[in-house]
file structure-v2.txt (compact mmCIF, C-alpha atoms)
# COMPACT_ATOMS: atom_id res chain seq x y z
CA MET A 1 -67.10 91.95 111.88
CA ASN A 2 -70.45 93.58 111.06
CA LEU A 3 -72.27 95.55 113.74
CA ARG A 4 -75.80 94.58 112.59
CA PRO A 5 -75.73 90.99 114.02
CA VAL A 6 -74.28 92.31 117.28
CA LEU A 7 -77.08 94.87 117.62
CA THR A 8 -79.67 92.17 116.93
CA ALA A 9 -78.17 89.91 119.59
CA ALA A 10 -78.13 92.78 122.08
CA LEU A 11 -81.82 93.46 121.44
CA LEU A 12 -82.71 89.79 121.99
CA LEU A 13 -80.72 89.72 125.22
CA SER A 14 -82.50 92.83 126.45
CA LEU A 15 -85.93 91.37 125.73
CA ALA A 16 -84.97 88.22 127.63
CA GLY A 17 -84.30 90.19 130.83
CA PRO A 18 -87.63 90.66 132.63
CA ALA A 19 -86.22 92.48 135.67
CA PHE A 20 -83.69 95.23 136.25
CA ALA A 21 -80.51 95.56 138.27
CA ASP A 22 -79.32 98.85 139.77
CA PRO A 23 -78.77 101.41 136.97
CA PRO A 24 -75.19 102.31 135.97
CA ASP A 25 -73.60 105.52 134.76
CA PHE A 26 -73.84 105.81 130.98
CA ASP A 27 -70.85 106.71 128.80
CA ARG A 28 -72.96 109.17 126.77
CA PRO A 29 -72.81 112.14 126.36
CA GLY A 30 -69.57 114.12 126.44
CA ALA A 31 -65.90 113.36 126.00
CA GLY A 32 -64.57 110.26 127.68
CA PHE A 33 -66.59 107.62 129.48
CA ALA A 34 -68.01 106.77 132.90
CA THR A 35 -65.55 105.73 135.60
CA SER A 36 -67.73 102.75 136.57
CA VAL A 37 -68.57 99.48 134.78
CA LEU A 38 -71.80 97.50 134.40
CA PRO A 39 -72.72 94.79 136.92
CA ALA A 40 -71.77 91.28 135.81
CA GLY A 41 -74.10 89.79 133.21
CA THR A 42 -75.96 93.03 132.45
CA LEU A 43 -76.10 95.02 129.23
CA ALA A 44 -76.54 98.62 128.09
CA LEU A 45 -77.24 100.04 124.62
CA GLU A 46 -76.22 103.64 123.91
CA GLN A 47 -77.48 104.90 120.56
CA GLY A 48 -76.96 108.09 118.55
CA LEU A 49 -80.10 109.44 116.84
CA PRO A 50 -77.97 110.44 114.85
CA THR A 51 -74.81 112.56 115.14
CA TYR A 52 -74.38 115.41 112.64
CA GLU A 53 -70.99 116.73 111.52
CA ARG A 54 -70.18 119.63 109.20
CA GLN A 55 -66.71 120.18 107.73
CA ARG A 56 -65.28 122.34 104.93
CA GLN A 57 -61.96 121.18 103.52
CA ASP A 58 -60.08 121.43 100.18
CA GLY A 59 -62.95 123.30 98.56
CA TYR A 60 -65.61 120.78 99.59
CA LEU A 61 -68.38 121.05 102.15
CA ASP A 62 -69.17 117.71 103.81
CA ARG A 63 -72.22 116.94 105.94
CA THR A 64 -72.19 113.57 107.66
CA TYR A 65 -74.96 111.83 109.61
CA THR A 66 -73.91 108.89 111.83
CA ALA A 67 -76.11 106.48 113.79
CA ASP A 68 -73.36 105.47 116.22
CA SER A 69 -74.02 102.56 118.56
CA LEU A 70 -72.30 101.30 121.71
CA ILE A 71 -73.08 97.98 123.40
CA ARG A 72 -71.70 97.49 126.92
CA ILE A 73 -71.65 94.12 128.69
CA GLY A 74 -70.64 93.66 132.34
CA LEU A 75 -67.94 91.01 132.77
CA GLY A 76 -67.77 91.06 136.55
CA GLY A 77 -65.35 92.77 138.90
CA PRO A 78 -63.83 95.93 137.48
CA ALA A 79 -64.22 94.97 133.78
CA GLU A 80 -66.72 95.43 130.98
CA LEU A 81 -66.75 94.53 127.28
CA GLN A 82 -67.69 97.16 124.70
CA VAL A 83 -68.66 96.75 121.04
CA GLY A 84 -69.31 99.86 118.97
CA GLY A 85 -69.76 101.11 115.45
CA SER A 86 -72.23 102.72 113.09
CA ALA A 87 -74.57 100.53 111.08
CA TRP A 88 -75.84 103.55 109.09
CA ASN A 89 -74.04 106.66 107.81
CA ARG A 90 -74.88 109.25 105.19
CA LEU A 91 -72.41 111.63 103.54
CA GLU A 92 -73.47 114.70 101.54
CA GLU A 93 -70.56 116.33 99.69
CA ARG A 94 -70.69 119.50 97.63
CA GLY A 95 -68.02 121.66 96.01
CA MET A 96 -65.80 122.26 92.97
CA GLY A 97 -68.89 122.20 90.75
CA SER A 98 -69.98 118.73 91.83
CA ARG A 99 -72.33 117.11 94.29
CA ARG A 100 -72.58 113.54 95.57
CA HIS A 101 -73.89 111.49 98.46
CA ALA A 102 -73.05 108.09 99.91
CA VAL A 103 -74.71 105.75 102.40
CA GLY A 104 -72.99 102.89 104.23
CA HIS A 105 -71.73 101.45 107.50
CA GLY A 106 -68.65 102.38 109.47
CA ASP A 107 -65.86 100.43 111.14
CA THR A 108 -66.49 98.23 114.18
CA ASN A 109 -64.54 98.57 117.43
CA VAL A 110 -64.15 96.14 120.33
CA GLY A 111 -62.76 97.19 123.67
CA VAL A 112 -62.38 96.42 127.37
CA LYS A 113 -62.92 99.01 130.09
CA ILE A 114 -61.31 98.64 133.51
CA ALA A 115 -62.63 100.67 136.44
CA PRO A 116 -60.70 99.87 139.66
CA GLY A 117 -63.63 101.08 141.75
CA GLY A 118 -65.84 98.24 140.40
CA SER A 119 -69.42 98.56 139.26
CA SER A 120 -70.77 100.52 142.22
CA ASP A 121 -70.65 104.30 142.56
CA SER A 122 -67.39 105.50 144.02
CA GLY A 123 -69.10 108.33 145.90
CA ASN A 124 -67.59 111.76 146.35
CA GLY A 125 -63.91 112.23 145.63
CA PHE A 126 -61.81 110.82 142.81
CA SER A 127 -62.34 107.82 140.53
CA TRP A 128 -60.88 106.73 137.21
CA ALA A 129 -61.19 104.17 134.43
CA ALA A 130 -59.21 103.08 131.36
CA LEU A 131 -60.47 101.80 128.00
CA ALA A 132 -58.48 99.90 125.35
CA ASN A 133 -60.05 99.57 121.89
CA VAL A 134 -59.28 97.93 118.56
CA THR A 135 -61.14 99.30 115.52
CA PHE A 136 -61.37 96.92 112.56
CA ALA A 137 -61.24 98.27 109.00
CA ASN A 138 -64.55 96.76 107.89
CA GLY A 139 -66.44 99.96 107.07
CA ASP A 140 -67.42 101.25 103.67
CA GLU A 141 -64.88 103.44 101.87
CA ASP A 142 -66.41 106.81 102.81
CA PHE A 143 -66.95 105.87 106.47
CA GLY A 144 -63.94 103.80 107.54
CA ASN A 145 -60.31 104.32 108.53
CA GLY A 146 -58.97 102.01 105.84
CA ALA A 147 -56.73 100.25 108.37
CA LYS A 148 -56.87 98.77 111.86
CA GLN A 149 -56.68 101.36 114.64
CA TYR A 150 -55.59 100.91 118.26
CA SER A 151 -56.83 103.27 120.99
CA LEU A 152 -56.06 103.73 124.67
CA GLY A 153 -57.93 106.24 126.81
CA ALA A 154 -58.43 107.16 130.44
CA THR A 155 -60.96 109.28 132.32
CA GLY A 156 -60.43 110.81 135.74
CA GLN A 157 -63.45 112.11 137.64
CA TRP A 158 -63.66 114.50 140.60
CA GLN A 159 -66.92 114.92 142.56
CA PRO A 160 -66.61 117.73 145.12
CA ASP A 161 -70.27 117.21 146.09
CA ASP A 162 -73.43 115.43 144.99
CA ASN A 163 -74.31 118.05 142.33
CA HIS A 164 -70.97 118.76 140.65
CA GLN A 165 -68.84 116.44 138.55
CA ASN A 166 -65.61 117.36 136.74
CA THR A 167 -63.69 115.01 134.45
CA LEU A 168 -60.50 114.93 132.43
CA TYR A 169 -60.29 112.59 129.43
CA ALA A 170 -57.06 111.67 127.62
CA ASN A 171 -56.79 109.36 124.60
CA VAL A 172 -54.30 108.27 121.96
CA ASP A 173 -55.22 106.62 118.63
CA ARG A 174 -52.60 104.79 116.58
CA LEU A 175 -53.47 104.44 112.90
CA LYS A 176 -51.11 103.53 110.04
CA GLY A 177 -48.08 104.01 112.30
CA ARG A 178 -49.07 107.54 113.40
CA ASN A 179 -50.56 108.84 116.65
CA SER A 180 -53.45 111.25 117.25
CA TRP A 181 -54.04 112.70 120.73
CA THR A 182 -57.08 114.07 122.55
CA LEU A 183 -57.28 115.91 125.87
CA ALA A 184 -60.74 117.01 127.03
CA PRO A 185 -61.92 118.47 130.35
CA THR A 186 -65.64 118.62 131.17
CA PHE A 187 -67.51 120.44 133.93
CA GLY A 188 -70.92 119.03 134.85
CA ARG A 189 -73.74 119.91 137.20
CA LYS A 190 -76.99 118.18 138.19
CA PHE A 191 -80.27 120.09 138.29
CA GLY A 192 -82.84 118.25 140.36
CA GLU A 193 -83.34 114.50 140.11
CA ASN A 194 -83.43 114.14 136.31
CA TRP A 195 -81.36 116.84 134.59
CA MET A 196 -77.62 117.11 134.08
CA ALA A 197 -75.73 119.73 132.01
CA TYR A 198 -72.06 120.08 131.19
CA LEU A 199 -69.48 122.21 129.39
CA GLU A 200 -66.65 120.64 127.40
CA ALA A 201 -63.44 121.58 125.58
CA ASP A 202 -61.61 119.17 123.23
CA ALA A 203 -57.95 119.77 122.34
CA ILE A 204 -56.96 117.40 119.53
CA HIS A 205 -53.73 116.78 117.67
CA ASP A 206 -54.59 114.87 114.50
CA ALA A 207 -51.76 113.02 112.77
CA ASP A 208 -53.05 114.12 109.35
CA ASP A 209 -54.78 117.47 109.84
CA GLY A 210 -52.82 119.01 112.72
CA ASN A 211 -54.29 120.74 115.76
CA GLU A 212 -57.94 121.53 116.43
CA LEU A 213 -59.92 122.89 119.34
CA GLN A 214 -63.63 122.26 119.92
CA ALA A 215 -65.83 123.70 122.65
CA GLY A 216 -69.46 123.19 123.61
CA GLY A 217 -71.62 121.20 125.96
CA GLY A 218 -74.75 119.18 126.39
CA VAL A 219 -77.60 118.01 128.57
CA ALA A 220 -78.95 114.64 129.69
CA TYR A 221 -82.38 113.74 131.05
CA SER A 222 -83.03 110.55 133.03
CA ILE A 223 -86.21 108.60 132.29
CA GLY A 224 -86.94 106.50 135.34
CA ASP A 225 -83.90 104.61 136.60
CA HIS A 226 -82.82 102.79 133.44
CA ALA A 227 -82.95 105.15 130.46
CA GLN A 228 -81.51 108.50 129.46
CA LEU A 229 -81.97 111.02 126.65
CA ASP A 230 -79.14 113.37 125.70
CA ALA A 231 -78.29 116.25 123.37
CA TYR A 232 -74.95 117.95 122.75
CA ALA A 233 -73.14 120.34 120.39
CA LEU A 234 -69.51 121.28 119.75
CA HIS A 235 -68.16 124.17 117.67
CA ARG A 236 -64.66 124.59 116.27
CA ILE A 237 -62.87 127.56 117.80
CA GLY A 238 -59.39 126.95 116.45
CA GLY A 239 -57.32 124.90 114.00
CA HIS A 240 -58.66 122.31 111.61
CA GLY A 241 -61.45 119.75 111.95
CA PRO A 242 -65.24 119.87 111.79
CA SER A 243 -66.81 123.32 112.16
CA PHE A 244 -69.80 121.84 114.00
CA ILE A 245 -70.68 118.53 115.68
CA GLY A 246 -74.04 117.86 117.30
CA GLY A 247 -76.33 115.02 118.12
CA LEU A 248 -79.11 113.39 120.06
CA GLY A 249 -78.93 110.03 121.81
CA ILE A 250 -80.70 107.51 123.98
CA SER A 251 -79.20 105.06 126.46
CA VAL A 252 -81.01 102.07 127.98
CA PHE A 253 -79.81 99.63 130.64
CA PHE A 254 -81.00 96.00 130.70
CA GLY A 255 -80.22 93.41 133.34
CA LYS A 256 -81.61 90.96 135.85
CA LYS A 257 -81.87 91.63 139.55
CA ALA A 258 -79.19 90.08 141.71

call {"tool": "encode", "arguments": {"input": "structure-v2.txt", "output": "structure tokens"}}
result
Amino acid sequence: MNLRPVLTAALLLSLAGPAFADPPDFDRPGAGFATSVLPAGTLALEQGLPTYERQRQDGYLDRTYTADSLIRIGLGGPAELQVGGSAWNRLEERGMGSRRHAVGHGDTNVGVKIAPGGSSDSGNGFSWAALANVTFANGDEDFGNGAKQYSLGATGQWQPDDNHQNTLYANVDRLKGRNSWTLAPTFGRKFGENWMAYLEADAIHDADDGNELQAGGGVAYSIGDHAQLDAYALHRIGGHGPSFIGGLGISVFFGKKA
């Protein structure tokens, strides 16, 4: 499965929709995902512009740029289909007296999100959603897992009022018979009609590299009712893993009026 044809089809579908439905919550940015799903028959594209990652390991310094994409399609009721991947990646590696770079595409994942509250806002209080994903080993050597991966995650969201939003994200990835775990709380606040900012901490147990702890945050800016710009950054504060992760993104919702 190659992500390029899927992205092309998504673009054609979006151009075919002359009117808009009510906007959804986007999954970008931050750990986890929204606790609502898209209305039936609508589509959203969430695109990294790109993501940057810096990691020093085994005497090498790696810099990776990833144009990650997520396509969301409302299935009706509490369900939505998701297709994700990265059609373009660039790796710059330096160390041990050598230097190289590589360009290619990453693995493709397909998943289903279930949000018991349906596609409408749940209002103040508590809401949750679960997402099951399968990632296919179709990426280039430098940018893929090398084997099929299964993932199961859940996000719980608490809204004490209209301006504050706190979430807890938990996820397990199973790859080559081994499990990696992530637990990530976020604390968000709205500023006016268009701005949102949040703080985040990611506690990760990687099956290969051990424990890591990342902390940071981000902002999102709404453009009208159907688009959003975002920026975020995470820094390693303990254990292994990337020393810095940061990125920009844009999310756009397409769909016909009911």

call {"tool": "residues_around", "arguments": {"input": "structure-v2.txt", "residues": "Arg90 of chain A", "least_positions_apart": "4", "cutoff": "9 Å", "atoms": "all atoms listed in the file", "output": "PDB file with C-alpha atoms, keeping the file's coordinate frame"}}
result
ATOM      1  CA  ARG A  63     -72.220 116.940 105.940  1.00  0.00           C
ATOM      2  CA  THR A  64     -72.190 113.570 107.660  1.00  0.00           C
ATOM      3  CA  TYR A  65     -74.960 111.830 109.610  1.00  0.00           C
ATOM      4  CA  THR A  66     -73.910 108.890 111.830  1.00  0.00           C
ATOM      5  CA  HIS A 101     -73.890 111.490  98.460  1.00  0.00           C
ATOM      6  CA  ALA A 102     -73.050 108.090  99.910  1.00  0.00           C
ATOM      7  CA  VAL A 103     -74.710 105.750 102.400  1.00  0.00           C
ATOM      8  CA  GLY A 104     -72.990 102.890 104.230  1.00  0.00           C
ATOM      9  CA  HIS A 105     -71.730 101.450 107.500  1.00  0.00           C
ATOM     10  CA  PHE A 143     -66.950 105.870 106.470  1.00  0.00           C
TER      11      PHE A 143
END

call {"tool": "closest_residue", "arguments": {"input": "structure-v2.txt", "among": "A:Arg54, A:Leu45, A:Asn89, A:Arg94", "to": "Phe26 of chain A", "atoms": "all atoms listed in the file"}}
result
A:Leu45

call {"tool": "residues_around", "arguments": {"input": "structure-v2.txt", "residues": "segment 134-138 of chain A", "least_positions_apart": "3", "cutoff": "10 Å", "atoms": "only C-alpha atoms", "output": "PyMOL selection string"}}
result
chain A and resi 1-3+83-85+105-112+141+143-152+173-175

call {"tool": "atom_distance", "arguments": {"input": "structure-v2.txt", "atom1": "atom CA of Leu49 of chain A", "atom2": "atom CA of Tyr232 of chain A"}}
result
11.6 Å

call {"tool": "residues_around", "arguments": {"input": "structure-v2.txt", "residues": "Gly76 of chain A", "least_positions_apart": "5", "cutoff": "12 Å", "atoms": "all atoms listed in the file", "output": "list in words"}}
result
Ser36, Val37, Leu38, Pro39, Ala40, Gly41, Thr42, Leu43, Leu81, Val112, Lys113, Ile114, Ala115, Pro116, Gly118, Ser119 and Ser120 of chain A

call {"tool": "residues_near_point", "arguments": {"input": "structure-v2.txt", "point": "(-52.5, 112.0, 126.0)", "cutoff": "12 Å", "atoms": "all atoms listed in the file", "output": "ChimeraX atom specification"}}
result
/A:151-155,168-174,179-184,202-205

call {"tool": "residues_around", "arguments": {"input": "structure-v2.txt", "residues": "segment 241-257 of chain A", "least_positions_apart": "3", "cutoff": "8 Å", "atoms": "all atoms listed in the file", "output": "count of residues only"}}
result
41

call {"tool": "closest_residue", "arguments": {"input": "structure-v2.txt", "among": "A:Gly192, A:Gly32, A:Gly210, A:Gly177", "to": "Trp128 of chain A", "atoms": "all atoms listed in the file"}}
result
A:Gly32

call {"tool": "atom_distance", "arguments": {"input": "structure-v2.txt", "atom1": "atom CA of Gly216 of chain A", "atom2": "atom CA of Pro185 of chain A"}}
result
11.2 Å

call {"tool": "closest_residue", "arguments": {"input": "structure-v2.txt", "among": "A:Ala79, A:Ala220, A:Ala207, A:Met96", "to": "Asp27 of chain A", "atoms": "all atoms listed in the file"}}
result
A:Ala220

call {"tool": "atom_distance", "arguments": {"input": "structure-v2.txt", "atom1": "atom CA of Arg99 of chain A", "atom2": "atom CA of Gly59 of chain A"}}
result
12.0 Å

call {"tool": "closest_residue", "arguments": {"input": "structure-v2.txt", "among": "A:Asp142, A:Gly74, A:Thr167, A:Ser69", "to": "Thr35 of chain A", "atoms": "all atoms listed in the file"}}
result
A:Thr167

call {"tool": "closest_residue", "arguments": {"input": "structure-v2.txt", "among": "A:Ala132, A:Leu91, A:Leu213, A:Ala31", "to": "Leu61 of chain A", "atoms": "all atoms listed in the file"}}
result
A:Leu91

call {"tool": "decode", "arguments": {"input": "structure-v2.txt", "residues": "segment 228-240 of chain A", "atoms": "all heavy atoms", "output": "PDB file, in the first residue's frame"}}
result
ATOM      1  N   GLN A 228      -6.839  24.633  10.362  1.00  0.00           N
ATOM      2  CA  GLN A 228      -6.059  24.905  11.562  1.00  0.00           C
ATOM      3  C   GLN A 228      -4.578  24.810  11.245  1.00  0.00           C
ATOM      4  O   GLN A 228      -4.140  23.901  10.529  1.00  0.00           O
ATOM      5  CB  GLN A 228      -6.420  23.892  12.651  1.00  0.00           C
ATOM      6  CG  GLN A 228      -5.567  23.966  13.909  1.00  0.00           C
ATOM      7  CD  GLN A 228      -5.868  22.840  14.861  1.00  0.00           C
ATOM      8  OE1 GLN A 228      -6.814  22.915  15.645  1.00  0.00           O
ATOM      9  NE2 GLN A 228      -5.081  21.776  14.802  1.00  0.00           N
ATOM     10  N   LEU A 229      -3.797  25.750  11.756  1.00  0.00           N
ATOM     11  CA  LEU A 229      -2.343  25.689  11.723  1.00  0.00           C
ATOM     12  C   LEU A 229      -1.844  25.307  13.106  1.00  0.00           C
ATOM     13  O   LEU A 229      -2.439  25.696  14.117  1.00  0.00           O
ATOM     14  CB  LEU A 229      -1.750  27.036  11.315  1.00  0.00           C
ATOM     15  CG  LEU A 229      -2.065  27.546   9.909  1.00  0.00           C
ATOM     16  CD1 LEU A 229      -1.502  28.954   9.742  1.00  0.00           C
ATOM     17  CD2 LEU A 229      -1.496  26.615   8.844  1.00  0.00           C
ATOM     18  N   ASP A 230      -0.726  24.554  13.174  1.00  0.00           N
ATOM     19  CA  ASP A 230      -0.188  24.189  14.478  1.00  0.00           C
ATOM     20  C   ASP A 230       1.326  24.175  14.456  1.00  0.00           C
ATOM     21  O   ASP A 230       1.957  24.061  13.396  1.00  0.00           O
ATOM     22  CB  ASP A 230      -0.731  22.829  14.934  1.00  0.00           C
ATOM     23  CG  ASP A 230      -0.247  21.669  14.091  1.00  0.00           C
ATOM     24  OD1 ASP A 230       0.926  21.269  14.227  1.00  0.00           O
ATOM     25  OD2 ASP A 230      -1.044  21.148  13.281  1.00  0.00           O
ATOM     26  N   ALA A 231       1.907  24.290  15.638  1.00  0.00           N
ATOM     27  CA  ALA A 231       3.355  24.190  15.839  1.00  0.00           C
ATOM     28  C   ALA A 231       3.595  23.555  17.201  1.00  0.00           C
ATOM     29  O   ALA A 231       2.862  23.836  18.156  1.00  0.00           O
ATOM     30  CB  ALA A 231       4.018  25.556  15.767  1.00  0.00           C
ATOM     31  N   TYR A 232       4.614  22.706  17.304  1.00  0.00           N
ATOM     32  CA  TYR A 232       4.888  22.050  18.580  1.00  0.00           C
ATOM     33  C   TYR A 232       6.361  21.692  18.681  1.00  0.00           C
ATOM     34  O   TYR A 232       7.089  21.644  17.675  1.00  0.00           O
ATOM     35  CB  TYR A 232       4.037  20.784  18.744  1.00  0.00           C
ATOM     36  CG  TYR A 232       4.446  19.649  17.837  1.00  0.00           C
ATOM     37  CD1 TYR A 232       5.326  18.662  18.272  1.00  0.00           C
ATOM     38  CD2 TYR A 232       3.974  19.572  16.537  1.00  0.00           C
ATOM     39  CE1 TYR A 232       5.706  17.632  17.438  1.00  0.00           C
ATOM     40  CE2 TYR A 232       4.345  18.545  15.705  1.00  0.00           C
ATOM     41  CZ  TYR A 232       5.216  17.579  16.161  1.00  0.00           C
ATOM     42  OH  TYR A 232       5.599  16.555  15.321  1.00  0.00           O
ATOM     43  N   ALA A 233       6.826  21.424  19.904  1.00  0.00           N
ATOM     44  CA  ALA A 233       8.210  21.014  20.140  1.00  0.00           C
ATOM     45  C   ALA A 233       8.265  20.164  21.396  1.00  0.00           C
ATOM     46  O   ALA A 233       7.547  20.420  22.371  1.00  0.00           O
ATOM     47  CB  ALA A 233       9.120  22.228  20.284  1.00  0.00           C
ATOM     48  N   LEU A 234       9.099  19.126  21.364  1.00  0.00           N
ATOM     49  CA  LEU A 234       9.353  18.266  22.510  1.00  0.00           C
ATOM     50  C   LEU A 234      10.858  18.124  22.702  1.00  0.00           C
ATOM     51  O   LEU A 234      11.616  18.046  21.722  1.00  0.00           O
ATOM     52  CB  LEU A 234       8.738  16.874  22.300  1.00  0.00           C
ATOM     53  CG  LEU A 234       7.212  16.774  22.246  1.00  0.00           C
ATOM     54  CD1 LEU A 234       6.789  15.409  21.725  1.00  0.00           C
ATOM     55  CD2 LEU A 234       6.620  17.009  23.625  1.00  0.00           C
ATOM     56  N   HIS A 235      11.288  18.083  23.964  1.00  0.00           N
ATOM     57  CA  HIS A 235      12.711  17.928  24.277  1.00  0.00           C
ATOM     58  C   HIS A 235      12.889  16.757  25.229  1.00  0.00           C
ATOM     59  O   HIS A 235      12.097  16.567  26.162  1.00  0.00           O
ATOM     60  CB  HIS A 235      13.250  19.209  24.922  1.00  0.00           C
ATOM     61  CG  HIS A 235      14.746  19.254  24.999  1.00  0.00           C
ATOM     62  ND1 HIS A 235      15.465  18.646  26.008  1.00  0.00           N
ATOM     63  CD2 HIS A 235      15.659  19.825  24.176  1.00  0.00           C
ATOM     64  CE1 HIS A 235      16.759  18.845  25.810  1.00  0.00           C
ATOM     65  NE2 HIS A 235      16.901  19.565  24.704  1.00  0.00           N
ATOM     66  N   ARG A 236      13.929  15.958  24.989  1.00  0.00           N
ATOM     67  CA  ARG A 236      14.197  14.820  25.869  1.00  0.00           C
ATOM     68  C   ARG A 236      14.722  15.314  27.207  1.00  0.00           C
ATOM     69  O   ARG A 236      15.667  16.105  27.267  1.00  0.00           O
ATOM     70  CB  ARG A 236      15.224  13.886  25.229  1.00  0.00           C
ATOM     71  CG  ARG A 236      15.457  12.595  26.028  1.00  0.00           C
ATOM     72  CD  ARG A 236      16.529  11.740  25.380  1.00  0.00           C
ATOM     73  NE  ARG A 236      17.829  12.378  25.473  1.00  0.00           N
ATOM     74  CZ  ARG A 236      18.806  12.219  24.583  1.00  0.00           C
ATOM     75  NH1 ARG A 236      18.626  11.461  23.527  1.00  0.00           N
ATOM     76  NH2 ARG A 236      19.964  12.825  24.745  1.00  0.00           N
ATOM     77  N   ILE A 237      14.116  14.828  28.284  1.00  0.00           N
ATOM     78  CA  ILE A 237      14.580  15.195  29.616  1.00  0.00           C
ATOM     79  C   ILE A 237      15.035  13.979  30.421  1.00  0.00           C
ATOM     80  O   ILE A 237      15.440  14.123  31.577  1.00  0.00           O
ATOM     81  CB  ILE A 237      13.487  15.951  30.391  1.00  0.00           C
ATOM     82  CG1 ILE A 237      12.224  15.098  30.532  1.00  0.00           C
ATOM     83  CG2 ILE A 237      13.173  17.275  29.713  1.00  0.00           C
ATOM     84  CD1 ILE A 237      11.154  15.763  31.385  1.00  0.00           C
ATOM     85  N   GLY A 238      15.004  12.804  29.811  1.00  0.00           N
ATOM     86  CA  GLY A 238      15.474  11.622  30.503  1.00  0.00           C
ATOM     87  C   GLY A 238      15.475  10.398  29.602  1.00  0.00           C
ATOM     88  O   GLY A 238      14.671  10.295  28.685  1.00  0.00           O
ATOM     89  N   GLY A 239      16.411   9.480  29.845  1.00  0.00           N
ATOM     90  CA  GLY A 239      16.462   8.225  29.108  1.00  0.00           C
ATOM     91  C   GLY A 239      16.993   8.370  27.702  1.00  0.00           C
ATOM     92  O   GLY A 239      17.767   9.271  27.386  1.00  0.00           O
ATOM     93  N   HIS A 240      16.562   7.454  26.846  1.00  0.00           N
ATOM     94  CA  HIS A 240      17.010   7.411  25.463  1.00  0.00           C
ATOM     95  C   HIS A 240      16.027   8.173  24.572  1.00  0.00           C
ATOM     96  O   HIS A 240      15.153   8.868  25.053  1.00  0.00           O
ATOM     97  CB  HIS A 240      17.130   5.951  25.001  1.00  0.00           C
ATOM     98  CG  HIS A 240      18.101   5.150  25.816  1.00  0.00           C
ATOM     99  ND1 HIS A 240      19.458   5.164  25.591  1.00  0.00           N
ATOM    100  CD2 HIS A 240      17.903   4.311  26.871  1.00  0.00           C
ATOM    101  CE1 HIS A 240      20.067   4.373  26.457  1.00  0.00           C
ATOM    102  NE2 HIS A 240      19.142   3.839  27.249  1.00  0.00           N
TER     103      HIS A 240
END
